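Data block for work-v3.pdb (PDB, C-alpha atoms):
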```pdb
ATOM      1  CA  MET T  12       0.000   0.000   0.000
ATOM      2  CA  VAL T  13       1.242   3.491  -0.750
ATOM      3  CA  GLN T  14       1.927   5.448   2.409
ATOM      4  CA  PRO T  15       0.994   9.101   2.216
ATOM      5  CA  PHE T  16       3.392   9.894   5.003
ATOM      6  CA  LYS T  17       6.927  11.112   5.032
ATOM      7  CA  LYS T  18       9.243   9.865   7.728
ATOM      8  CA  ASP T  19      12.154  12.202   7.618
ATOM      9  CA  LEU T  20      11.987  14.228  10.787
ATOM     10  CA  ARG T  21      14.484  13.506  13.524
ATOM     11  CA  LEU T  22      15.134  15.836  16.428
ATOM     12  CA  TYR T  23      18.602  14.502  17.190
ATOM     13  CA  GLY T  24      20.597  11.386  16.569
ATOM     14  CA  LYS T  25      19.153   9.083  19.181
ATOM     15  CA  THR T  26      15.572  10.254  18.899
ATOM     16  CA  PRO T  27      13.316   8.076  16.799
ATOM     17  CA  LYS T  28      12.111   9.494  13.561
ATOM     18  CA  VAL T  29       8.828  11.303  13.849
ATOM     19  CA  ARG T  30       6.085  10.272  11.523
ATOM     20  CA  SER T  31       5.014  13.520   9.941
ATOM     21  CA  THR T  32       2.083  14.140   7.642
ATOM     22  CA  ARG T  33       3.003  15.713   4.371
ATOM     23  CA  ARG T  34      -0.393  15.794   2.749
ATOM     24  CA  SER T  35      -3.127  13.376   3.544
ATOM     25  CA  TYR T  36      -4.136  10.787   1.022
ATOM     26  CA  SER T  37      -7.413  12.549   0.292
ATOM     27  CA  MET T  38      -5.674  15.809  -0.455
ATOM     28  CA  LEU T  39      -3.161  14.112  -2.724
ATOM     29  CA  VAL T  40      -6.061  12.775  -4.758
ATOM     30  CA  ARG T  41      -7.716  16.199  -4.876
ATOM     31  CA  ASP T  42      -4.493  17.797  -6.065
ATOM     32  CA  GLY T  43      -3.976  15.034  -8.609
ATOM     33  CA  MET T  44      -7.374  15.703 -10.177
ATOM     34  CA  PHE T  45      -6.815  19.448 -10.008
ATOM     35  CA  ASP T  46      -3.460  19.233 -11.804
ATOM     36  CA  ARG T  47      -4.873  17.066 -14.566
ATOM     37  CA  LEU T  48      -7.896  19.288 -15.198
ATOM     38  CA  LYS T  49      -5.648  22.310 -15.610
ATOM     39  CA  LEU T  50      -3.893  20.576 -18.474
ATOM     40  CA  MET T  51      -7.044  19.739 -20.409
ATOM     41  CA  PRO T  52      -7.610  21.854 -23.558
ATOM     42  CA  PHE T  53     -11.199  22.664 -22.602
ATOM     43  CA  PHE T  54     -10.037  24.396 -19.449
ATOM     44  CA  THR T  55      -7.265  26.461 -21.035
ATOM     45  CA  MET T  56      -8.993  29.783 -20.449
ATOM     46  CA  PHE T  57     -10.371  28.930 -17.016
ATOM     47  CA  ASN T  58      -9.415  30.346 -13.656
ATOM     48  CA  PHE T  59      -8.867  27.645 -11.055
ATOM     49  CA  SER T  60      -9.198  27.356  -7.328
ATOM     50  CA  THR T  61      -9.215  24.700  -4.647
ATOM     51  CA  LYS T  62     -10.322  27.118  -1.949
ATOM     52  CA  LYS T  63     -14.002  27.423  -1.195
ATOM     53  CA  ASP T  64     -13.417  30.402   1.071
ATOM     54  CA  VAL T  65     -12.245  32.657  -1.739
ATOM     55  CA  THR T  66     -15.157  34.563  -3.251
ATOM     56  CA  ILE T  67     -15.566  33.997  -6.961
ATOM     57  CA  GLN T  68     -15.754  37.302  -8.789
ATOM     58  CA  PRO T  69     -17.428  37.900 -12.174
ATOM     59  CA  GLN T  70     -13.986  38.451 -13.679
ATOM     60  CA  SER T  71     -13.040  34.935 -12.518
ATOM     61  CA  ILE T  72     -15.373  33.414 -15.109
ATOM     62  CA  PRO T  73     -14.846  30.966 -16.708
ATOM     63  CA  PHE T  74     -14.078  29.319 -13.407
ATOM     64  CA  CYS T  75     -13.221  25.819 -12.295
ATOM     65  CA  GLY T  76     -13.145  24.922  -8.614
ATOM     66  CA  VAL T  77     -11.962  21.544  -7.384
ATOM     67  CA  TYR T  78     -12.806  21.088  -3.745
ATOM     68  CA  PHE T  79     -12.250  18.504  -1.075
ATOM     69  CA  LEU T  80     -15.670  18.025   0.508
ATOM     70  CA  GLN T  81     -15.630  15.146   2.948
ATOM     71  CA  GLU T  82     -13.749  12.059   3.975
ATOM     72  CA  PHE T  83     -15.612   9.000   5.225
ATOM     73  CA  MET T  84     -13.783   6.522   7.422
ATOM     74  CA  ALA T  85     -15.416   3.190   8.175
ATOM     75  CA  PRO T  86     -13.880   0.283  10.101
ATOM     76  CA  ASP T  87     -11.967  -2.324   8.173
ATOM     77  CA  GLY T  88     -12.765  -5.624   9.877
ATOM     78  CA  ASP T  89     -13.061  -5.554  13.657
ATOM     79  CA  ALA T  90     -12.617  -1.979  14.741
ATOM     80  CA  ASN T  91     -11.411  -3.066  18.178
ATOM     81  CA  ALA T  92      -8.700  -5.438  17.014
ATOM     82  CA  GLY T  93      -5.361  -4.736  15.421
ATOM     83  CA  ASP T  94      -3.858  -1.535  14.152
ATOM     84  CA  VAL T  95      -6.034   1.452  13.494
ATOM     85  CA  ARG T  96      -7.185   1.278   9.904
ATOM     86  CA  PHE T  97     -10.119   2.690   8.027
ATOM     87  CA  ARG T  98     -11.809   1.879   4.797
ATOM     88  CA  THR T  99     -11.685   5.395   3.422
ATOM     89  CA  SER T 100     -13.749   7.222   0.845
ATOM     90  CA  ALA T 101     -13.454  10.861  -0.055
ATOM     91  CA  ARG T 102     -15.919  13.134  -1.768
ATOM     92  CA  TYR T 103     -14.779  15.891  -4.087
ATOM     93  CA  GLY T 104     -16.735  18.776  -5.565
ATOM     94  CA  PHE T 105     -16.219  20.294  -8.977
ATOM     95  CA  SER T 106     -17.694  23.690  -9.744
ATOM     96  CA  ILE T 107     -17.479  24.874 -13.329
ATOM     97  CA  ILE T 108     -18.998  28.307 -13.850
ATOM     98  CA  ILE T 109     -19.492  29.861 -17.269
ATOM     99  CA  GLN T 110     -21.424  32.852 -18.536
ATOM    100  CA  ASN T 111     -23.711  32.959 -21.524
ATOM    101  CA  ASN T 112     -26.812  35.025 -22.230
ATOM    102  CA  ASP T 113     -28.248  32.153 -24.241
ATOM    103  CA  PRO T 114     -29.601  29.595 -21.732
ATOM    104  CA  ASP T 115     -29.657  26.792 -24.304
ATOM    105  CA  GLN T 116     -26.057  27.374 -25.262
ATOM    106  CA  ALA T 117     -25.107  27.682 -21.606
ATOM    107  CA  GLU T 118     -26.481  24.226 -20.922
ATOM    108  CA  TYR T 119     -24.593  22.715 -23.841
ATOM    109  CA  THR T 120     -21.401  24.363 -22.659
ATOM    110  CA  LEU T 121     -21.906  22.797 -19.247
ATOM    111  CA  ASP T 122     -22.437  19.489 -20.966
ATOM    112  CA  LYS T 123     -19.154  19.883 -22.798
ATOM    113  CA  ALA T 124     -17.500  20.799 -19.537
ATOM    114  CA  PHE T 125     -18.722  17.552 -18.023
ATOM    115  CA  GLN T 126     -17.471  15.559 -20.958
ATOM    116  CA  ALA T 127     -14.092  17.197 -20.554
ATOM    117  CA  LEU T 128     -14.140  16.566 -16.830
ATOM    118  CA  SER T 129     -15.034  12.924 -17.318
ATOM    119  CA  GLY T 130     -11.719  12.598 -19.128
ATOM    120  CA  LEU T 131     -10.341  12.086 -15.637
ATOM    121  CA  PHE T 132     -11.896   8.628 -15.643
ATOM    122  CA  SER T 133     -10.070   7.691 -18.815
ATOM    123  CA  ASP T 134      -6.701   8.620 -17.373
ATOM    124  CA  PRO T 135      -5.115   5.593 -15.701
ATOM    125  CA  THR T 136      -2.380   7.768 -14.241
ATOM    126  CA  LEU T 137      -5.024   9.341 -12.052
ATOM    127  CA  TYR T 138      -6.022   6.199 -10.256
ATOM    128  CA  ASN T 139      -2.722   4.372 -10.374
ATOM    129  CA  ASN T 140       0.399   6.427  -9.823
ATOM    130  CA  LYS T 141       3.310   6.600  -7.434
ATOM    131  CA  GLN T 142       1.752   9.153  -5.127
ATOM    132  CA  PHE T 143      -1.671   7.655  -4.636
ATOM    133  CA  GLN T 144      -4.058   5.066  -5.899
ATOM    134  CA  ILE T 145      -7.817   5.211  -6.200
ATOM    135  CA  GLN T 146      -9.465   1.879  -5.642
ATOM    136  CA  ALA T 147     -12.756   2.884  -7.271
ATOM    137  CA  PHE T 148     -14.847   5.808  -8.378
ATOM    138  CA  SER T 149     -17.820   4.771  -6.340
ATOM    139  CA  GLY T 150     -20.358   7.486  -7.030
ATOM    140  CA  GLY T 151     -21.127  10.789  -8.662
ATOM    141  CA  LEU T 152     -23.783  13.478  -8.718
ATOM    142  CA  ARG T 153     -24.137  15.996 -11.523
ATOM    143  CA  GLN T 154     -26.259  19.137 -11.533
ATOM    144  CA  HIS T 155     -26.698  22.209 -13.698
ATOM    145  CA  VAL T 156     -27.475  25.307 -11.667
ATOM    146  CA  TYR T 157     -28.328  28.724 -13.051
ATOM    147  CA  GLY T 158     -27.367  31.387 -10.584
ATOM    148  CA  HIS T 159     -29.328  32.603  -7.634
ATOM    149  CA  VAL T 160     -32.348  30.778  -6.290
ATOM    150  CA  GLY T 161     -34.597  33.510  -7.707
ATOM    151  CA  GLN T 162     -32.509  33.564 -10.888
ATOM    152  CA  ASP T 163     -32.563  37.362 -10.643
ATOM    153  CA  ASN T 164     -28.824  37.869 -10.580
ATOM    154  CA  GLN T 165     -27.281  40.301 -13.011
ATOM    155  CA  THR T 166     -24.631  38.027 -14.535
ATOM    156  CA  PRO T 167     -25.903  35.193 -16.747
ATOM    157  CA  ILE T 168     -23.953  32.411 -15.096
ATOM    158  CA  ALA T 169     -24.437  28.687 -15.299
ATOM    159  CA  GLU T 170     -22.697  26.218 -13.025
ATOM    160  CA  LEU T 171     -21.892  22.574 -13.475
ATOM    161  CA  ARG T 172     -21.746  20.947 -10.067
ATOM    162  CA  PHE T 173     -20.267  17.511  -9.934
ATOM    163  CA  GLU T 174     -19.608  15.591  -6.768
ATOM    164  CA  LEU T 175     -17.404  12.537  -7.038
ATOM    165  CA  THR T 176     -16.874   9.870  -4.416
ATOM    166  CA  CYS T 177     -13.595   7.972  -4.530
ATOM    167  CA  ASP T 178     -12.899   4.749  -2.690
ATOM    168  CA  LEU T 179      -9.346   5.130  -1.440
ATOM    169  CA  GLY T 180      -9.118   1.631  -0.009
ATOM    170  CA  VAL T 181      -7.862   0.913   3.481
ATOM    171  CA  ILE T 182      -5.587   3.494   5.003
ATOM    172  CA  GLU T 183      -3.619   2.215   7.968
ATOM    173  CA  TYR T 184      -2.371   4.202  10.900
ATOM    174  CA  PRO T 185       0.185   1.819  12.426
ATOM    175  CA  PRO T 186       1.195   2.537  16.021
ATOM    176  CA  PHE T 187       4.456   4.252  16.562
ATOM    177  CA  THR T 188       6.446   2.196  19.073
ATOM    178  CA  GLU T 189       9.298   4.075  20.575
ATOM    179  CA  ASP T 190      12.420   1.957  21.033
ATOM    180  CA  ASP T 191      14.389   2.988  24.123
ATOM    181  CA  LEU T 192      17.054   0.312  23.729
ATOM    182  CA  GLU T 193      19.954   2.557  22.865
ATOM    183  CA  VAL T 194      23.071   0.622  23.941
ATOM    184  CA  ILE T 195      23.851  -3.017  24.754
ATOM    185  CA  HIS T 196      26.964  -3.456  26.850
ATOM    186  CA  TRP T 197      28.127  -6.909  27.836
ATOM    187  CA  GLU T 198      31.138  -8.541  29.482
ATOM    188  CA  THR T 199      32.058 -12.164  30.076
ATOM    189  CA  ALA T 200      33.097 -13.421  33.531
ATOM    190  CA  PHE T 201      34.437 -16.867  32.821
ATOM    191  CA  PRO T 202      34.739 -19.327  34.428
ATOM    192  CA  VAL T 203      31.813 -19.269  36.794
ATOM    193  CA  ASP T 204      33.522 -21.148  39.591
ATOM    194  CA  GLY T 205      37.104 -20.086  38.846
ATOM    195  CA  ASP T 206      39.179 -16.924  38.780
ATOM    196  CA  PRO T 207      38.012 -14.695  35.904
ATOM    197  CA  SER T 208      41.208 -12.659  36.143
ATOM    198  CA  GLN T 209      43.107 -15.620  34.798
ATOM    199  CA  VAL T 210      41.061 -15.680  31.598
ATOM    200  CA  GLN T 211      40.956 -13.078  28.892
ATOM    201  CA  GLN T 212      37.402 -11.745  28.952
ATOM    202  CA  VAL T 213      35.357 -10.332  26.145
ATOM    203  CA  ILE T 214      33.791  -6.906  26.417
ATOM    204  CA  ALA T 215      31.462  -5.630  23.717
ATOM    205  CA  GLU T 216      29.135  -2.688  23.266
ATOM    206  CA  TYR T 217      26.528  -2.205  20.619
ATOM    207  CA  ASP T 218      25.241   1.292  19.922
ATOM    208  CA  LEU T 219      21.896   0.854  18.261
ATOM    209  CA  GLU T 220      20.104   3.036  15.790
ATOM    210  CA  GLN T 221      16.642   3.795  17.061
ATOM    211  CA  ASN T 222      13.653   2.885  14.973
ATOM    212  CA  ASN T 223      15.660   3.083  11.851
ATOM    213  CA  GLU T 224      13.377   2.375   8.897
TER
ATOM    214  CA  MET E   4     -58.327  60.776   0.505
ATOM    215  CA  ALA E   5     -56.846  58.358  -1.987
ATOM    216  CA  ILE E   6     -53.351  59.059  -3.315
ATOM    217  CA  ASP E   7     -52.491  58.705  -6.987
ATOM    218  CA  PHE E   8     -49.036  57.336  -6.378
ATOM    219  CA  SER E   9     -48.107  57.493 -10.012
ATOM    220  CA  LYS E  10     -48.763  61.195 -10.449
ATOM    221  CA  GLN E  11     -48.173  62.427  -6.908
ATOM    222  CA  VAL E  12     -45.199  60.285  -5.901
ATOM    223  CA  TYR E  13     -43.492  58.454  -8.737
ATOM    224  CA  ILE E  14     -43.472  61.054 -11.497
ATOM    225  CA  PRO E  15     -42.006  63.754  -9.230
ATOM    226  CA  ALA E  16     -39.443  61.235  -8.017
ATOM    227  CA  PHE E  17     -38.615  60.161 -11.563
ATOM    228  CA  ASN E  18     -38.212  63.805 -12.570
ATOM    229  CA  THR E  19     -35.337  63.871 -10.107
ATOM    230  CA  PHE E  20     -33.806  60.381 -10.255
ATOM    231  CA  ALA E  21     -34.618  58.823 -13.645
ATOM    232  CA  ARG E  22     -32.341  58.695 -16.660
ATOM    233  CA  PRO E  23     -33.044  57.843 -20.295
ATOM    234  CA  VAL E  24     -33.326  54.196 -21.250
ATOM    235  CA  VAL E  25     -33.570  52.800 -24.765
ATOM    236  CA  PHE E  26     -35.975  49.849 -24.937
ATOM    237  CA  THR E  27     -35.911  47.247 -27.707
ATOM    238  CA  PRO E  28     -39.297  45.481 -27.447
ATOM    239  CA  ALA E  29     -38.127  42.106 -28.736
ATOM    240  CA  ALA E  30     -40.756  40.250 -26.699
ATOM    241  CA  SER E  31     -43.492  42.790 -25.941
ATOM    242  CA  GLN E  32     -43.735  44.232 -29.472
ATOM    243  CA  PRO E  33     -41.736  42.010 -31.835
ATOM    244  CA  GLY E  34     -40.585  43.794 -34.946
ATOM    245  CA  GLN E  35     -41.196  47.257 -33.543
ATOM    246  CA  PRO E  36     -38.296  49.708 -33.381
ATOM    247  CA  ALA E  37     -36.465  50.682 -30.244
ATOM    248  CA  TYR E  38     -37.787  53.652 -28.294
ATOM    249  CA  THR E  39     -36.505  55.848 -25.505
ATOM    250  CA  LYS E  40     -38.238  56.182 -22.152
ATOM    251  CA  ARG E  41     -36.850  56.725 -18.677
ATOM    252  CA  GLY E  42     -36.243  54.679 -15.587
ATOM    253  CA  ILE E  43     -34.430  54.596 -12.254
ATOM    254  CA  TYR E  44     -31.504  52.211 -12.203
ATOM    255  CA  SER E  45     -30.292  50.594  -8.994
ATOM    256  CA  THR E  46     -28.072  47.675  -8.166
ATOM    257  CA  GLN E  47     -27.124  45.851  -4.988
ATOM    258  CA  PRO E  48     -24.628  43.181  -4.042
ATOM    259  CA  LEU E  49     -25.837  39.596  -4.213
ATOM    260  CA  ASP E  50     -23.930  36.524  -3.033
ATOM    261  CA  ILE E  51     -24.841  33.366  -4.896
ATOM    262  CA  ALA E  52     -24.175  30.018  -3.261
ATOM    263  CA  ALA E  53     -22.243  27.715  -5.563
ATOM    264  CA  GLU E  54     -20.835  24.209  -5.035
ATOM    265  CA  ASP E  55     -20.567  23.347  -1.349
ATOM    266  CA  ASN E  56     -21.429  26.891  -0.297
ATOM    267  CA  SER E  57     -18.655  28.577  -2.154
ATOM    268  CA  ILE E  58     -19.750  32.081  -3.118
ATOM    269  CA  PHE E  59     -20.086  33.777  -6.454
ATOM    270  CA  SER E  60     -20.226  37.512  -5.921
ATOM    271  CA  ASP E  61     -22.796  39.167  -8.162
ATOM    272  CA  GLN E  62     -25.287  42.016  -8.258
ATOM    273  CA  ILE E  63     -29.050  42.204  -8.389
ATOM    274  CA  THR E  64     -29.946  44.997 -10.748
ATOM    275  CA  VAL E  65     -33.331  46.670 -11.059
ATOM    276  CA  LEU E  66     -34.835  49.296 -13.346
ATOM    277  CA  ASP E  67     -37.997  51.006 -12.128
ATOM    278  CA  VAL E  68     -40.399  52.582 -14.605
ATOM    279  CA  VAL E  69     -43.685  54.436 -14.347
ATOM    280  CA  GLU E  70     -46.316  52.335 -16.067
ATOM    281  CA  GLU E  71     -48.407  55.233 -17.387
ATOM    282  CA  GLU E  72     -45.439  56.410 -19.451
ATOM    283  CA  PHE E  73     -45.611  53.235 -21.581
ATOM    284  CA  ALA E  74     -48.178  52.338 -24.216
ATOM    285  CA  VAL E  75     -47.105  48.706 -23.835
ATOM    286  CA  ILE E  76     -45.335  47.621 -20.686
ATOM    287  CA  PRO E  77     -42.025  45.886 -21.493
ATOM    288  CA  LEU E  78     -41.899  42.152 -20.897
ATOM    289  CA  GLN E  79     -39.407  39.465 -20.012
ATOM    290  CA  GLY E  80     -37.077  39.080 -22.981
ATOM    291  CA  ASP E  81     -37.127  42.744 -23.984
ATOM    292  CA  LEU E  82     -33.727  44.351 -24.282
ATOM    293  CA  LEU E  83     -32.638  47.754 -23.078
ATOM    294  CA  THR E  84     -29.644  50.014 -23.158
ATOM    295  CA  ILE E  85     -28.797  52.619 -20.566
ATOM    296  CA  PRO E  86     -26.691  55.225 -22.361
ATOM    297  CA  ALA E  87     -24.488  57.915 -20.901
ATOM    298  CA  TYR E  88     -26.519  60.856 -19.571
ATOM    299  CA  LEU E  89     -25.199  64.246 -18.462
ATOM    300  CA  THR E  90     -22.186  63.319 -16.330
ATOM    301  CA  LEU E  91     -23.348  59.730 -15.806
ATOM    302  CA  PRO E  92     -21.507  57.001 -17.709
ATOM    303  CA  SER E  93     -23.158  54.444 -19.929
ATOM    304  CA  LEU E  94     -24.265  51.352 -18.019
ATOM    305  CA  GLY E  95     -24.444  49.009 -20.978
ATOM    306  CA  ASP E  96     -26.939  46.547 -22.377
ATOM    307  CA  PHE E  97     -29.397  44.431 -20.442
ATOM    308  CA  GLU E  98     -32.168  41.911 -20.857
ATOM    309  CA  ILE E  99     -35.347  42.030 -18.794
ATOM    310  CA  ILE E 100     -35.562  38.730 -16.929
ATOM    311  CA  ASP E 101     -38.459  39.532 -14.615
ATOM    312  CA  GLY E 102     -40.969  42.290 -14.028
ATOM    313  CA  LYS E 103     -43.162  43.013 -11.041
ATOM    314  CA  THR E 104     -45.686  45.791 -10.544
ATOM    315  CA  ASN E 105     -46.189  47.331  -7.133
ATOM    316  CA  GLY E 106     -49.858  47.969  -7.896
ATOM    317  CA  GLY E 107     -49.460  51.709  -7.539
ATOM    318  CA  GLY E 108     -48.211  52.462 -11.023
ATOM    319  CA  GLN E 109     -44.578  51.442 -10.863
ATOM    320  CA  THR E 110     -43.029  48.308 -12.355
ATOM    321  CA  SER E 111     -39.604  47.024 -11.371
ATOM    322  CA  PHE E 112     -37.631  45.025 -13.922
ATOM    323  CA  ASN E 113     -34.883  42.637 -12.909
ATOM    324  CA  LEU E 114     -32.086  43.022 -15.402
ATOM    325  CA  ARG E 115     -29.499  40.610 -16.701
ATOM    326  CA  GLN E 116     -26.425  42.141 -18.173
ATOM    327  CA  ILE E 117     -25.557  41.317 -21.785
ATOM    328  CA  VAL E 118     -22.018  39.993 -21.546
ATOM    329  CA  SER E 119     -19.516  38.216 -23.697
ATOM    330  CA  THR E 120     -19.713  34.440 -23.726
ATOM    331  CA  LYS E 121     -17.062  32.757 -21.568
ATOM    332  CA  PRO E 122     -15.598  30.428 -22.512
ATOM    333  CA  LEU E 123     -16.026  30.870 -26.231
ATOM    334  CA  ASP E 124     -17.609  27.824 -27.781
ATOM    335  CA  ASN E 125     -14.637  26.937 -29.942
ATOM    336  CA  PHE E 126     -13.784  23.529 -28.575
TER
END
```
Would you mind writing the structure in this file as structure tokens?
Amino acid sequence: MVQPFKKDLRLYGKTPKVRSTRRSYSMLVRDGMFDRLKLMPFFTMFNFSTKKDVTIQPQSIPFCGVYFLQEFMAPDGDANAGDVRFRTSARYGFSIIIQNNDPDQAEYTLDKAFQALSGLFSDPTLYNNKQFQIQAFSGGLRQHVYGHVGQDNQTPIAELRFELTCDLGVIEYPPFTEDDLEVIHWETAFPVDGDPSQVQQVIAEYDLEQNNE
Amino acid sequence: MAIDFSKQVYIPAFNTFARPVVFTPAASQPGQPAYTKRGIYSTQPLDIAAEDNSIFSDQITVLDVVEEEFAVIPLQGDLLTIPAYLTLPSLGDFEIIDGKTNGGGQTSFNLRQIVSTKPLDNF
């Protein structure tokens, strides 16, 4: 299984390496989809964002947002036995906003946007690469939305909303076991019932790396 | 005593606040030429919820007219242009997307701006 973690932090020589999170698996997948969409010809003129908290301005249109929405973590086998591990799914939201005064043409443009977006499913490097793997695309929800609920907004926008659920398989969180055995020092005292000073003894010391992986 | 809102309230107010508007009656009088009347333009901020409550920042734009100044009240689908007037700049071209009367002689039109298509359909 691909580990989304980087184990390169060490406070000083004898301290075990600290397991540090680089980016979580779900975010790696989000960024993988985001990077691929940006390269698609359909989206050449688009402005992109992964941040839902940045207000989209009219000058941002055409706009493509790729958002991490939720991560679902269900037990894998007996939840109370073994290492912590979750069968993990993540949900991502795509928001493609265009403007067109012709409502019919706007809908067809959204349809083309979805066809372009669905190119993600034809790209095996998305679901099987060195950074992350997607076990399955397990669900999707597509909507066309035309502005404000009263549809009385000034700008003739149309939005393709697509929510995609990805099965990310089982992600394990193995326990970190600190190893305090730093040095082994041993000496012989032979013979047991004789005079050890008459025998050359062996003294050895082993300085151990801690939790070296 | 009843009040004629149109004559006693709106027309005096429009004499102060209205500006010329060129109407193209594409829906209300198809084939008829454009004509100039007047209206009061106003616009306010409007946040539109997009995917997962992200926000698209827009405006809600309204043009008020006095009904008795029109032989035929404009309808949804009519187009209008608000040209420059005195020191006021041109506001551009719009489409009427909704119209509501207040019952006292004034109709408010919700306007949609005529904008360039983005992205261009060349894919």
>> Show me the residues around (-47.7, 55.4, -18.0) - criterion: an atom at most 12 Å away, all atoms listed in the file counted - as a PyMOL selection string.
In response: chain E and resi 8-10+13-14+40-42+68-77+107-110
Atoms kept (C-alpha atoms) for selection, written as a tab-separated table (two decimals), keeping the file's coordinate frame:
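Output file again_3.tsv follows:
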```
chain	number	residue	atom	x	y	z
E	8	PHE	CA	-49.04	57.34	-6.38
E	9	SER	CA	-48.11	57.49	-10.01
E	10	LYS	CA	-48.76	61.20	-10.45
E	13	TYR	CA	-43.49	58.45	-8.74
E	14	ILE	CA	-43.47	61.05	-11.50
E	40	LYS	CA	-38.24	56.18	-22.15
E	41	ARG	CA	-36.85	56.72	-18.68
E	42	GLY	CA	-36.24	54.68	-15.59
E	68	VAL	CA	-40.40	52.58	-14.60
E	69	VAL	CA	-43.68	54.44	-14.35
E	70	GLU	CA	-46.32	52.34	-16.07
E	71	GLU	CA	-48.41	55.23	-17.39
E	72	GLU	CA	-45.44	56.41	-19.45
E	73	PHE	CA	-45.61	53.24	-21.58
E	74	ALA	CA	-48.18	52.34	-24.22
E	75	VAL	CA	-47.10	48.71	-23.84
E	76	ILE	CA	-45.34	47.62	-20.69
E	77	PRO	CA	-42.02	45.89	-21.49
E	107	GLY	CA	-49.46	51.71	-7.54
E	108	GLY	CA	-48.21	52.46	-11.02
E	109	GLN	CA	-44.58	51.44	-10.86
E	110	THR	CA	-43.03	48.31	-12.36
```
>> Given the ChimeraX specification (/T :<7) & /E and the file above, list the residues it selects as a PyMOL selection string.
In response: chain E and resi 51+54+57-64+113-118+120-122+126
>> List as a PyMOL selection string the residues having at least one atom at most 6 Å from position (-27.2, 52.4, -17.4) as given in the file, counting all atoms listed in the file.
In response: chain E and resi 85-86+93-95
Selected residues written out, C-alpha atoms, as a CSV table (one decimal), in the coordinates of the input:
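Once written, selection-v2.csv looks like this:
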```csv
chain,number,residue,atom,x,y,z
E,85,ILE,CA,-28.8,52.6,-20.6
E,86,PRO,CA,-26.7,55.2,-22.4
E,93,SER,CA,-23.2,54.4,-19.9
E,94,LEU,CA,-24.3,51.4,-18.0
E,95,GLY,CA,-24.4,49.0,-21.0
```
> Residues picked by the PyMOL selection byres ((chain T and resi 84-89) around 12) here, as a PyMOL selection string?
Replying inline: chain T and resi 37+81-83+90-102+178-184
> atom CA of E:Gly34 and atom CA of E:Leu78 are how many Å apart?
Replying inline: 14.2 Å
> Quick one, how far is atom CA of T:Ser35 from atom CA of T:Phe125?
Replying inline: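 Spanning atom CA of T:Ser35 to atom CA of T:Phe125 is a straight-line distance of 26.9 Å.
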> What is the atom CA of E:Asp7 to atom CA of E:Gly102 distance in Å?
Replying inline: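 About the pair atom CA of E:Asp7 and atom CA of E:Gly102: they are 21.3 Å apart.
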> From the set T:Cys75, T:Ala147, T:Ala169, T:Leu192, which residue has the shortest atom-to-atom contact distance to T:Leu121, counting only C-alpha atoms?
Replying inline: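 Closest to T:Leu121, using only C-alpha atoms: T:Ala169.
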>> On this structure, the PyMOL selection byres ((chain T and resi 211) around 12) would catch which residues? List them as a PyMOL selection string, sorted by chain and number.
In response: chain T and resi 198-202+206-210+212-214
The selected residues should be written to file as a compact mmCIF listing (two decimals), keeping the file's coordinate frame (atoms: C-alpha atoms).
```
# COMPACT_ATOMS: atom_id res chain seq x y z
CA GLU T 198 31.14 -8.54 29.48
CA THR T 199 32.06 -12.16 30.08
CA ALA T 200 33.10 -13.42 33.53
CA PHE T 201 34.44 -16.87 32.82
CA PRO T 202 34.74 -19.33 34.43
CA ASP T 206 39.18 -16.92 38.78
CA PRO T 207 38.01 -14.70 35.90
CA SER T 208 41.21 -12.66 36.14
CA GLN T 209 43.11 -15.62 34.80
CA VAL T 210 41.06 -15.68 31.60
CA GLN T 212 37.40 -11.74 28.95
CA VAL T 213 35.36 -10.33 26.14
CA ILE T 214 33.79 -6.91 26.42
```
